[in-house]
$ cat final-v2.txt   # compact mmCIF, C-alpha atoms
# COMPACT_ATOMS: atom_id res chain seq x y z
CA MET B 1 101.94 108.92 11.91
CA GLN B 2 98.17 108.79 12.11
CA ARG B 3 96.61 109.30 15.51
CA THR B 4 93.10 108.80 16.80
CA SER B 5 91.32 112.12 17.07
CA PHE B 6 89.92 113.14 20.45
CA ALA B 7 87.92 115.98 18.88
CA GLN B 8 84.53 114.37 19.50
CA MET B 9 85.15 113.47 23.14
CA HIS B 10 83.12 115.27 25.79
CA CYS B 11 86.19 115.78 27.92
CA SER B 12 88.15 118.98 28.30
CA ILE B 13 91.41 117.11 28.85
CA ALA B 14 90.85 115.35 25.52
CA GLN B 15 90.01 118.67 23.86
CA THR B 16 93.21 120.18 25.20
CA LEU B 17 95.29 117.22 24.03
CA GLU B 18 93.69 117.39 20.60
CA ILE B 19 95.12 120.90 20.20
CA VAL B 20 98.41 120.80 22.11
CA GLY B 21 98.96 117.16 23.06
CA GLU B 22 100.93 115.88 20.10
CA TRP B 23 104.49 114.72 20.56
CA TRP B 24 106.87 117.74 20.45
CA THR B 25 104.12 120.35 20.71
CA PRO B 26 104.52 121.21 24.41
CA LEU B 27 108.26 121.64 23.85
CA ILE B 28 107.65 123.92 20.88
CA LEU B 29 105.34 126.01 23.06
CA ARG B 30 107.92 125.99 25.86
CA ASP B 31 110.42 127.48 23.44
CA VAL B 32 108.04 130.23 22.34
CA HIS B 33 107.27 131.01 25.98
CA LEU B 34 111.03 131.22 26.59
CA GLY B 35 111.42 133.76 23.80
CA LEU B 36 112.23 131.77 20.66
CA HIS B 37 109.98 133.05 17.90
CA ARG B 38 111.70 132.08 14.67
CA PHE B 39 111.45 128.78 12.86
CA ASP B 40 115.20 128.28 12.60
CA ASP B 41 115.77 129.02 16.29
CA ILE B 42 113.14 126.55 17.42
CA ALA B 43 114.33 123.90 14.96
CA GLU B 44 117.91 124.27 16.12
CA ASP B 45 117.00 124.32 19.80
CA LEU B 46 114.90 121.17 19.69
CA GLY B 47 116.68 119.20 17.01
CA ILE B 48 113.26 118.46 15.51
CA SER B 49 112.93 117.77 11.78
CA ARG B 50 111.97 120.84 9.78
CA ASN B 51 109.16 118.94 8.17
CA LEU B 52 107.59 118.01 11.47
CA LEU B 53 108.09 121.48 12.95
CA THR B 54 106.38 123.03 9.94
CA ARG B 55 103.35 120.79 10.47
CA ARG B 56 103.18 121.41 14.19
CA LEU B 57 103.45 125.20 13.83
CA ALA B 58 100.81 125.30 11.09
CA TYR B 59 98.46 123.27 13.28
CA LEU B 60 99.02 125.59 16.25
CA VAL B 61 98.35 128.65 14.08
CA GLU B 62 95.23 127.02 12.66
CA HIS B 63 93.97 126.35 16.19
CA ASP B 64 94.69 129.86 17.42
CA ILE B 65 97.50 129.00 19.84
CA LEU B 66 100.17 130.82 17.86
CA GLU B 67 99.98 133.71 15.43
CA ARG B 68 102.38 134.63 12.68
CA ARG B 69 103.85 138.14 12.58
CA PRO B 70 106.01 139.39 9.71
CA TYR B 71 109.45 140.59 10.75
CA GLN B 72 110.92 141.27 7.32
CA THR B 73 109.45 141.95 3.92
CA ARG B 74 111.85 140.86 1.15
CA PRO B 75 111.29 138.01 1.30
CA VAL B 76 108.46 138.02 3.83
CA ARG B 77 109.42 136.08 6.93
CA HIS B 78 107.33 135.47 10.01
CA GLU B 79 107.82 135.02 13.70
CA TYR B 80 105.55 132.90 15.87
CA HIS B 81 103.94 134.55 18.87
CA LEU B 82 101.51 133.29 21.46
CA THR B 83 97.84 134.18 21.28
CA GLU B 84 95.87 134.67 24.49
CA ALA B 85 94.97 130.97 24.46
CA GLY B 86 98.65 130.15 23.95
CA ARG B 87 99.76 132.37 26.81
CA ASP B 88 97.18 130.67 29.01
CA LEU B 89 99.11 127.43 28.54
CA ALA B 90 102.03 128.74 30.60
CA PRO B 91 100.57 127.53 33.91
CA ALA B 92 100.02 124.06 32.45
CA LEU B 93 103.62 123.92 31.25
CA LEU B 94 104.81 125.04 34.69
CA VAL B 95 102.86 122.26 36.37
CA LEU B 96 104.30 119.65 34.00
CA MET B 97 107.74 121.04 34.78
CA ALA B 98 107.11 120.87 38.53
CA TRP B 99 106.01 117.25 38.27
CA GLY B 100 109.15 116.41 36.31
CA ASP B 101 111.33 118.27 38.80
CA ARG B 102 109.89 116.13 41.55
CA HIS B 103 109.49 112.74 39.96
CA ALA B 104 111.75 112.60 36.92
CA THR B 105 114.54 115.06 37.53
CA PRO B 106 117.53 114.68 35.23
CA PRO B 107 120.90 114.20 36.92
CA GLY B 108 122.10 117.49 38.38
CA GLY B 109 118.73 118.71 39.57
CA PRO B 110 116.06 120.96 38.09
CA PRO B 111 117.20 122.46 34.76
CA LEU B 112 115.11 125.59 35.24
CA ARG B 113 114.11 127.84 38.11
CA VAL B 114 111.20 130.23 37.91
CA VAL B 115 110.84 133.60 39.60
CA HIS B 116 107.47 135.25 40.16
CA ARG B 117 107.93 138.85 39.12
CA ALA B 118 104.97 140.06 41.14
CA CYS B 119 106.54 139.02 44.45
CA GLY B 120 110.18 138.63 43.39
CA HIS B 121 110.61 135.11 44.76
CA ARG B 122 111.61 131.82 43.27
CA PHE B 123 108.62 129.57 43.44
CA THR B 124 107.21 126.13 42.86
CA PRO B 125 104.02 126.18 40.81
CA GLU B 126 101.11 124.87 42.88
CA VAL B 127 97.61 123.96 41.79
CA THR B 128 95.16 125.47 44.22
CA CYS B 129 91.42 125.73 44.78
CA SER B 130 89.91 128.95 43.42
CA SER B 131 87.51 128.99 46.34
CA CYS B 132 89.70 128.47 49.42
CA GLY B 133 93.17 128.95 47.96
CA GLU B 134 94.57 125.71 49.36
CA PRO B 135 96.54 123.26 47.21
CA VAL B 136 94.44 120.47 45.70
CA THR B 137 95.48 116.86 45.32
CA GLY B 138 93.90 113.85 43.67
CA ARG B 139 92.73 112.69 47.07
CA ASP B 140 90.53 115.65 47.94
CA ILE B 141 88.51 116.31 44.83
CA GLU B 142 85.17 114.97 43.73
CA ALA B 143 84.15 114.89 40.10
CA GLN B 144 80.59 115.71 39.07
CA PRO B 145 79.05 115.79 35.62
CA GLY B 146 78.95 119.25 34.13
CA PRO B 147 76.50 120.71 31.61
CA GLY B 148 78.47 119.24 28.70
CA ALA B 149 78.68 115.71 30.09
CA ALA B 150 77.83 112.87 27.74
CA ALA B 151 78.42 109.14 28.06
CA ALA B 152 79.95 108.88 24.61
CA PRO B 153 83.11 107.19 23.29
CA GLY B 154 86.02 108.33 25.41
CA THR B 155 83.76 109.38 28.25
CA ARG B 156 81.55 106.37 28.94
CA VAL B 157 82.82 106.68 32.50
CA LEU B 158 80.56 109.72 32.87
CA ALA B 159 77.54 107.44 32.84
CA ARG B 160 78.61 106.39 36.32
CA LEU B 161 78.35 109.92 37.64
CA THR B 162 75.16 111.06 39.29
CA PRO B 163 74.09 114.44 37.90
CA GLY B 164 74.36 117.35 40.28
CA PRO B 165 75.48 117.39 43.89
CA PRO B 166 75.88 115.44 46.02
CA ALA B 167 78.71 113.84 44.08
CA VAL B 168 78.89 110.08 44.30
CA TYR B 169 81.97 109.62 42.25
CA LYS B 170 85.17 109.87 44.15
CA PRO B 171 88.62 109.87 42.65
CA SER B 172 90.51 107.08 44.32
CA SER B 173 94.04 105.81 44.41
CA MET E 1 104.59 104.39 15.69
CA GLN E 2 108.16 105.31 16.61
CA ARG E 3 108.68 108.56 18.47
CA THR E 4 111.77 110.54 19.27
CA SER E 5 112.76 110.00 22.89
CA PHE E 6 113.04 113.05 25.15
CA ALA E 7 114.82 111.01 27.85
CA GLN E 8 118.15 112.75 27.39
CA MET E 9 116.80 116.31 27.46
CA HIS E 10 117.72 118.52 30.39
CA CYS E 11 114.16 119.75 30.68
CA SER E 12 111.62 118.64 33.25
CA ILE E 13 108.73 119.19 30.83
CA ALA E 14 110.45 116.82 28.40
CA GLN E 15 111.05 114.32 31.21
CA THR E 16 107.39 114.44 32.16
CA LEU E 17 106.28 113.99 28.56
CA GLU E 18 108.64 111.06 28.15
CA ILE E 19 106.73 109.25 30.89
CA VAL E 20 103.14 110.42 30.51
CA GLY E 21 103.04 112.42 27.27
CA GLU E 22 102.18 109.77 24.73
CA TRP E 23 98.90 109.91 22.89
CA TRP E 24 96.10 108.36 25.02
CA THR E 25 98.17 108.22 28.22
CA PRO E 26 96.68 111.28 29.96
CA LEU E 27 93.19 109.93 29.26
CA ILE E 28 94.13 106.52 30.66
CA LEU E 29 95.36 108.25 33.80
CA ARG E 30 92.20 110.38 33.91
CA ASP E 31 90.18 107.17 33.97
CA VAL E 32 92.22 105.67 36.80
CA HIS E 33 91.86 108.91 38.76
CA LEU E 34 88.11 108.70 38.18
CA GLY E 35 88.01 105.21 39.61
CA LEU E 36 88.39 102.83 36.68
CA HIS E 37 91.00 100.26 37.64
CA ARG E 38 90.38 97.28 35.37
CA PHE E 39 91.69 96.79 31.88
CA ASP E 40 88.28 96.02 30.38
CA ASP E 41 86.66 99.08 31.98
CA ILE E 42 89.33 101.45 30.68
CA ALA E 43 89.32 99.84 27.24
CA GLU E 44 85.54 100.13 26.99
CA ASP E 45 85.46 103.67 28.30
CA LEU E 46 88.04 105.03 25.91
CA GLY E 47 87.41 102.89 22.87
CA ILE E 48 91.18 102.37 22.65
CA SER E 49 92.58 99.24 21.02
CA ARG E 50 93.42 96.53 23.54
CA ASN E 51 96.86 96.18 22.03
CA LEU E 52 97.68 99.85 22.53
CA LEU E 53 96.18 99.95 26.02
CA THR E 54 98.29 96.95 27.02
CA ARG E 55 101.44 98.75 25.89
CA ARG E 56 100.54 102.02 27.58
CA LEU E 57 99.69 100.36 30.89
CA ALA E 58 102.88 98.28 30.89
CA TYR E 59 104.92 101.43 30.26
CA LEU E 60 103.20 103.29 33.10
CA VAL E 61 103.82 100.37 35.47
CA GLU E 62 107.44 100.19 34.35
CA HIS E 63 107.87 103.91 35.08
CA ASP E 64 106.21 103.71 38.49
CA ILE E 65 103.08 105.72 37.67
CA LEU E 66 100.71 102.78 38.09
CA GLU E 67 100.99 99.61 40.11
CA ARG E 68 99.25 96.30 39.56
CA ARG E 69 97.25 94.77 42.40
CA PRO E 70 95.71 91.29 42.16
CA TYR E 71 91.96 91.20 42.69
CA GLN E 72 91.32 87.55 41.94
CA THR E 73 93.47 84.45 41.98
CA ARG E 74 92.12 81.82 39.55
CA PRO E 75 93.14 83.02 37.09
CA VAL E 76 95.15 85.87 38.57
CA ARG E 77 93.82 89.22 37.43
CA HIS E 78 95.10 92.65 38.28
CA GLU E 79 93.77 96.13 38.81
CA TYR E 80 95.75 99.26 38.06
CA HIS E 81 96.21 101.77 40.86
CA LEU E 82 98.08 105.04 41.06
CA THR E 83 101.43 105.24 42.77
CA GLU E 84 102.39 108.40 44.64
CA ALA E 85 103.92 109.80 41.44
CA GLY E 86 100.72 108.92 39.60
CA ARG E 87 98.52 110.60 42.19
CA ASP E 88 100.70 113.68 41.91
CA LEU E 89 99.59 113.99 38.29
CA ALA E 90 96.06 114.90 39.33
CA PRO E 91 96.82 118.65 39.54
CA ALA E 92 98.34 118.58 36.05
CA LEU E 93 95.27 116.84 34.65
CA LEU E 94 93.06 119.41 36.37
CA VAL E 95 94.98 122.27 34.79
CA LEU E 96 94.72 120.69 31.32
CA MET E 97 90.99 120.32 31.95
CA ALA E 98 90.66 123.94 33.03
CA TRP E 99 92.42 125.14 29.88
CA GLY E 100 90.11 123.02 27.74
CA ASP E 101 87.05 124.29 29.61
CA ARG E 102 88.11 127.81 28.80
CA HIS E 103 89.53 127.57 25.32
CA ALA E 104 88.20 124.39 23.73
CA THR E 105 84.94 123.62 25.46
CA PRO E 106 82.77 121.08 23.70
CA PRO E 107 79.22 122.17 22.87
CA GLY E 108 77.08 122.17 26.00
CA GLY E 109 79.76 123.48 28.33
CA PRO E 110 82.25 121.85 30.68
CA PRO E 111 81.76 118.08 30.81
CA LEU E 112 83.03 117.83 34.37
CA ARG E 113 82.82 119.90 37.54
CA VAL E 114 85.18 119.44 40.43
CA VAL E 115 84.48 119.94 44.11
CA HIS E 116 87.22 120.53 46.67
CA ARG E 117 86.36 118.24 49.57
CA ALA E 118 88.44 120.25 52.03
CA CYS E 119 86.28 123.36 51.62
CA GLY E 120 83.19 121.84 50.02
CA HIS E 121 83.07 124.23 47.05
CA ARG E 122 83.13 123.78 43.33
CA PHE E 123 86.34 125.25 42.07
CA THR E 124 88.45 126.14 39.10
CA PRO E 125 92.02 124.81 39.38
CA GLU E 126 94.46 127.71 39.52
CA VAL E 127 98.24 127.66 39.26
CA THR E 128 99.67 129.84 41.98
CA CYS E 129 103.01 130.95 43.35
CA SER E 130 104.20 128.89 46.31
CA SER E 131 105.71 132.02 47.81
CA CYS E 132 102.94 134.63 47.64
CA GLY E 133 99.93 132.47 46.78
CA GLU E 134 98.84 134.61 43.83
CA PRO E 135 97.98 133.09 40.43
CA VAL E 136 100.88 133.04 37.99
CA THR E 137 100.67 133.70 34.27
CA GLY E 138 103.15 133.49 31.44
CA ARG E 139 103.58 137.25 31.65
CA ASP E 140 104.90 137.44 35.19
CA ILE E 141 107.50 134.73 35.43
CA GLU E 142 111.20 134.79 34.73
CA ALA E 143 113.13 131.68 33.86
CA GLN E 144 116.62 131.11 35.25
CA PRO E 145 118.95 128.18 34.74
CA GLY E 146 118.79 125.64 37.54
CA PRO E 147 121.49 123.27 38.79
CA GLY E 148 120.64 120.71 36.09
CA ALA E 149 120.73 123.16 33.17
CA ALA E 150 122.67 122.10 30.09
CA ALA E 151 122.73 123.54 26.59
CA ALA E 152 122.20 120.16 24.97
CA PRO E 153 119.88 118.93 22.23
CA GLY E 154 116.36 119.97 23.12
CA THR E 155 117.57 122.66 25.48
CA ARG E 156 120.03 124.72 23.49
CA VAL E 157 117.84 127.67 24.47
CA LEU E 158 119.34 127.41 27.96
CA ALA E 159 122.63 128.71 26.63
CA ARG E 160 120.91 132.08 26.36
CA LEU E 161 120.16 132.14 30.06
CA THR E 162 122.55 133.87 32.41
CA PRO E 163 123.29 131.67 35.42
CA GLY E 164 121.91 132.84 38.73
CA PRO E 165 119.90 135.93 39.53
CA PRO E 166 119.29 138.49 38.25
CA ALA E 167 117.43 136.72 35.48
CA VAL E 168 117.88 138.19 32.04
CA TYR E 169 115.63 135.85 30.23
CA LYS E 170 112.03 136.92 30.21
CA PRO E 171 109.17 134.85 28.86
CA SER E 172 107.47 137.00 26.27
CA SER E 173 104.32 136.86 24.21
$ encode --input "final-v2.txt" --output "C-alpha cells"
Amino acid sequence: MQRTSFAQMHCSIAQTLEIVGEWWTPLILRDVHLGLHRFDDIAEDLGISRNLLTRRLAYLVEHDILERRPYQTRPVRHEYHLTEAGRDLAPALLVLMAWGDRHATPPGGPPLRVVHRACGHRFTPEVTCSSCGEPVTGRDIEAQPGPGAAAAPGTRVLARLTPGPPAVYKPSS
Amino acid sequence: MQRTSFAQMHCSIAQTLEIVGEWWTPLILRDVHLGLHRFDDIAEDLGISRNLLTRRLAYLVEHDILERRPYQTRPVRHEYHLTEAGRDLAPALLVLMAWGDRHATPPGGPPLRVVHRACGHRFTPEVTCSSCGEPVTGRDIEAQPGPGAAAAPGTRVLARLTPGPPAVYKPSS
C-alpha cells in the first residue's frame, strides 16, 4: 500500500500526517495513551494484523513518537511508551474524539468520557485561543503566511496569501 | 487501496477517522477552509491525482462534510463548501498544525500563522478543559467508559475500564 509522501510539503498539517496520519496509527496511539504498552495487547485490542502493527510501531519509534523499553530479559521483550512528542498528541486525539462524539457518535452515545484531574470535572475538549482564551472556530480565524511558507507542491495556495499582517486571506465556509 | 473500515468501532476517534482520516483528506479540507472551493484549484494546489480527488470529494459529500453548490449553469459546475460538520473540523486541523509546528516543523519555521479575529491576536491553538478552562495534557486526564462503550473489536481495551466514577483507568506515558 504505497502512499504519496507529504514530507516535502511546507505545511505543518502535512508534516503531522506524514508521521501519525496513516490508517490505524491514531488508534494505536490511542491505545498507548490508554495504557496498552505491549504488542500483543494492542494487536488483540485493535484486531489489526501483526504484520501491519509491526510496521506502524517501527515507524513511530523511528520518528520519535514511541520508545521501546525492555520489560524482560530472556528473551528480551519490549514495551512501547510515549515520548514527549507522543504525549503531546493527546490533545489532538481528544479533539478528534470530541468531533466524533458530536458528529459521528455510534449508537448508544459517546463511548468514552474524560475527566480533567486538575479540576476533577468531566469535560469536553475545546480548542481555544492562547491569547484571549476563548474557543476558536473556522469562522473567526485568519491565516497568514509564516516564516516557513513556500508556494510549493501541496501548498500552492500559500501564493495567494499576502505576507505579514494585515491578513487578506480569510477562511470561508 | 483497500482499507479496513472502522465504522463498527465503538470509538469516536475511529468514527472520525472513518469519515475524514483517509490519506489526503485532511489536506483537502485544509484547502477548502483556506478558501479553495473548485476542483481544479484543489487539484492544482495539492498535486493530487484527479481520480483520487474525485473519490475523496464524493465521499466527503456523501458523509455530509462538504456540500456541492452550482456556480455556473452551462455546463453545470459545482463548488465545494463546508457543512456545519465540516466547519467544526477547523479546530482539529488547527491542533494538528500546532503539533506539526512544534514537533515536525519544516525548515524555515511555521508555514502558517493564525490570527483570532475576535481578539485580533496571533495565537497558538490550545486544547483546554470546558470546565476549568485550563490546557489539558495526556498526563492529567482520566478516561471512563461512556454510555456507548462496548468491548468490541477495536475497543477491547474498554473492558478494562470500570463503569462510572471513580475512574480506575489512567492514561500513562
$ closest_atom_pairs --input "final-v2.txt" --of "segment 42-105 of chain E" --to "segment 63-85 of chain B" --cutoff "9 Å" --atoms "all atoms listed in the file" --output "JSON lines"
{"residue": "E:Trp99", "atom": "CA", "partner": "B:Ala85", "partner_atom": "CA", "distance": 8.4}
{"residue": "E:Arg102", "atom": "CA", "partner": "B:Ala85", "partner_atom": "CA", "distance": 8.7}
{"residue": "E:His103", "atom": "CA", "partner": "B:Ala85", "partner_atom": "CA", "distance": 6.5}
$ atom_distance --input "final-v2.txt" --atom1 "atom CA of Glu142 of chain B" --atom2 "atom CA of Arg56 of chain E"
25.8 Å
$ atom_distance --input "final-v2.txt" --atom1 "atom CA of Gly47 of chain E" --atom2 "atom CA of Asp101 of chain E"
22.4 Å
$ atom_distance --input "final-v2.txt" --atom1 "atom CA of Asp31 of chain B" --atom2 "atom CA of Val136 of chain B"
28.3 Å
$ residues_around --input "final-v2.txt" --residues "Gly120 of chain B" --least-positions-apart "6" --cutoff "10 Å" --atoms "only C-alpha atoms" --output "MDAnalysis selection string"
chainID E and resid 131:132 140:142
$ closest_residue --input "final-v2.txt" --among "B:Ile13, B:Leu36, B:Ala43, B:Val20" --to "chain E" --atoms "only C-alpha atoms"
B:Ile13
$ residues_around --input "final-v2.txt" --residues "Asp45 of chain E" --least-positions-apart "3" --cutoff "12 Å" --atoms "all atoms listed in the file" --output "MDAnalysis selection string"
(chainID B and resid 9 150:160) or (chainID E and resid 27:28 30:32 34:42 48:50 53)
$ axis_aligned_box --input "final-v2.txt" --around "segment 132-149 of chain B" --padding-each-side "4 Å" --output "AutoDock Vina command-line options"
--center_x 86.5 --center_y 120.8 --center_z 39.1 --size_x 28.0 --size_y 24.3 --size_z 28.7
$ closest_residue --input "final-v2.txt" --among "E:His116, E:Arg3, E:His10, E:His33" --to "Ala104 of chain B" --atoms "all atoms listed in the file"
E:His10
$ closest_residue --input "final-v2.txt" --among "E:Glu22, E:Pro147, E:Arg117, E:Val61" --to "Pro135 of chain B" --atoms "all atoms listed in the file"
E:Arg117
$ closest_residue --input "final-v2.txt" --among "E:Leu52, E:Gly138, E:Ala98, E:Tyr59" --to "Ala14 of chain B" --atoms "all atoms listed in the file"
E:Ala98
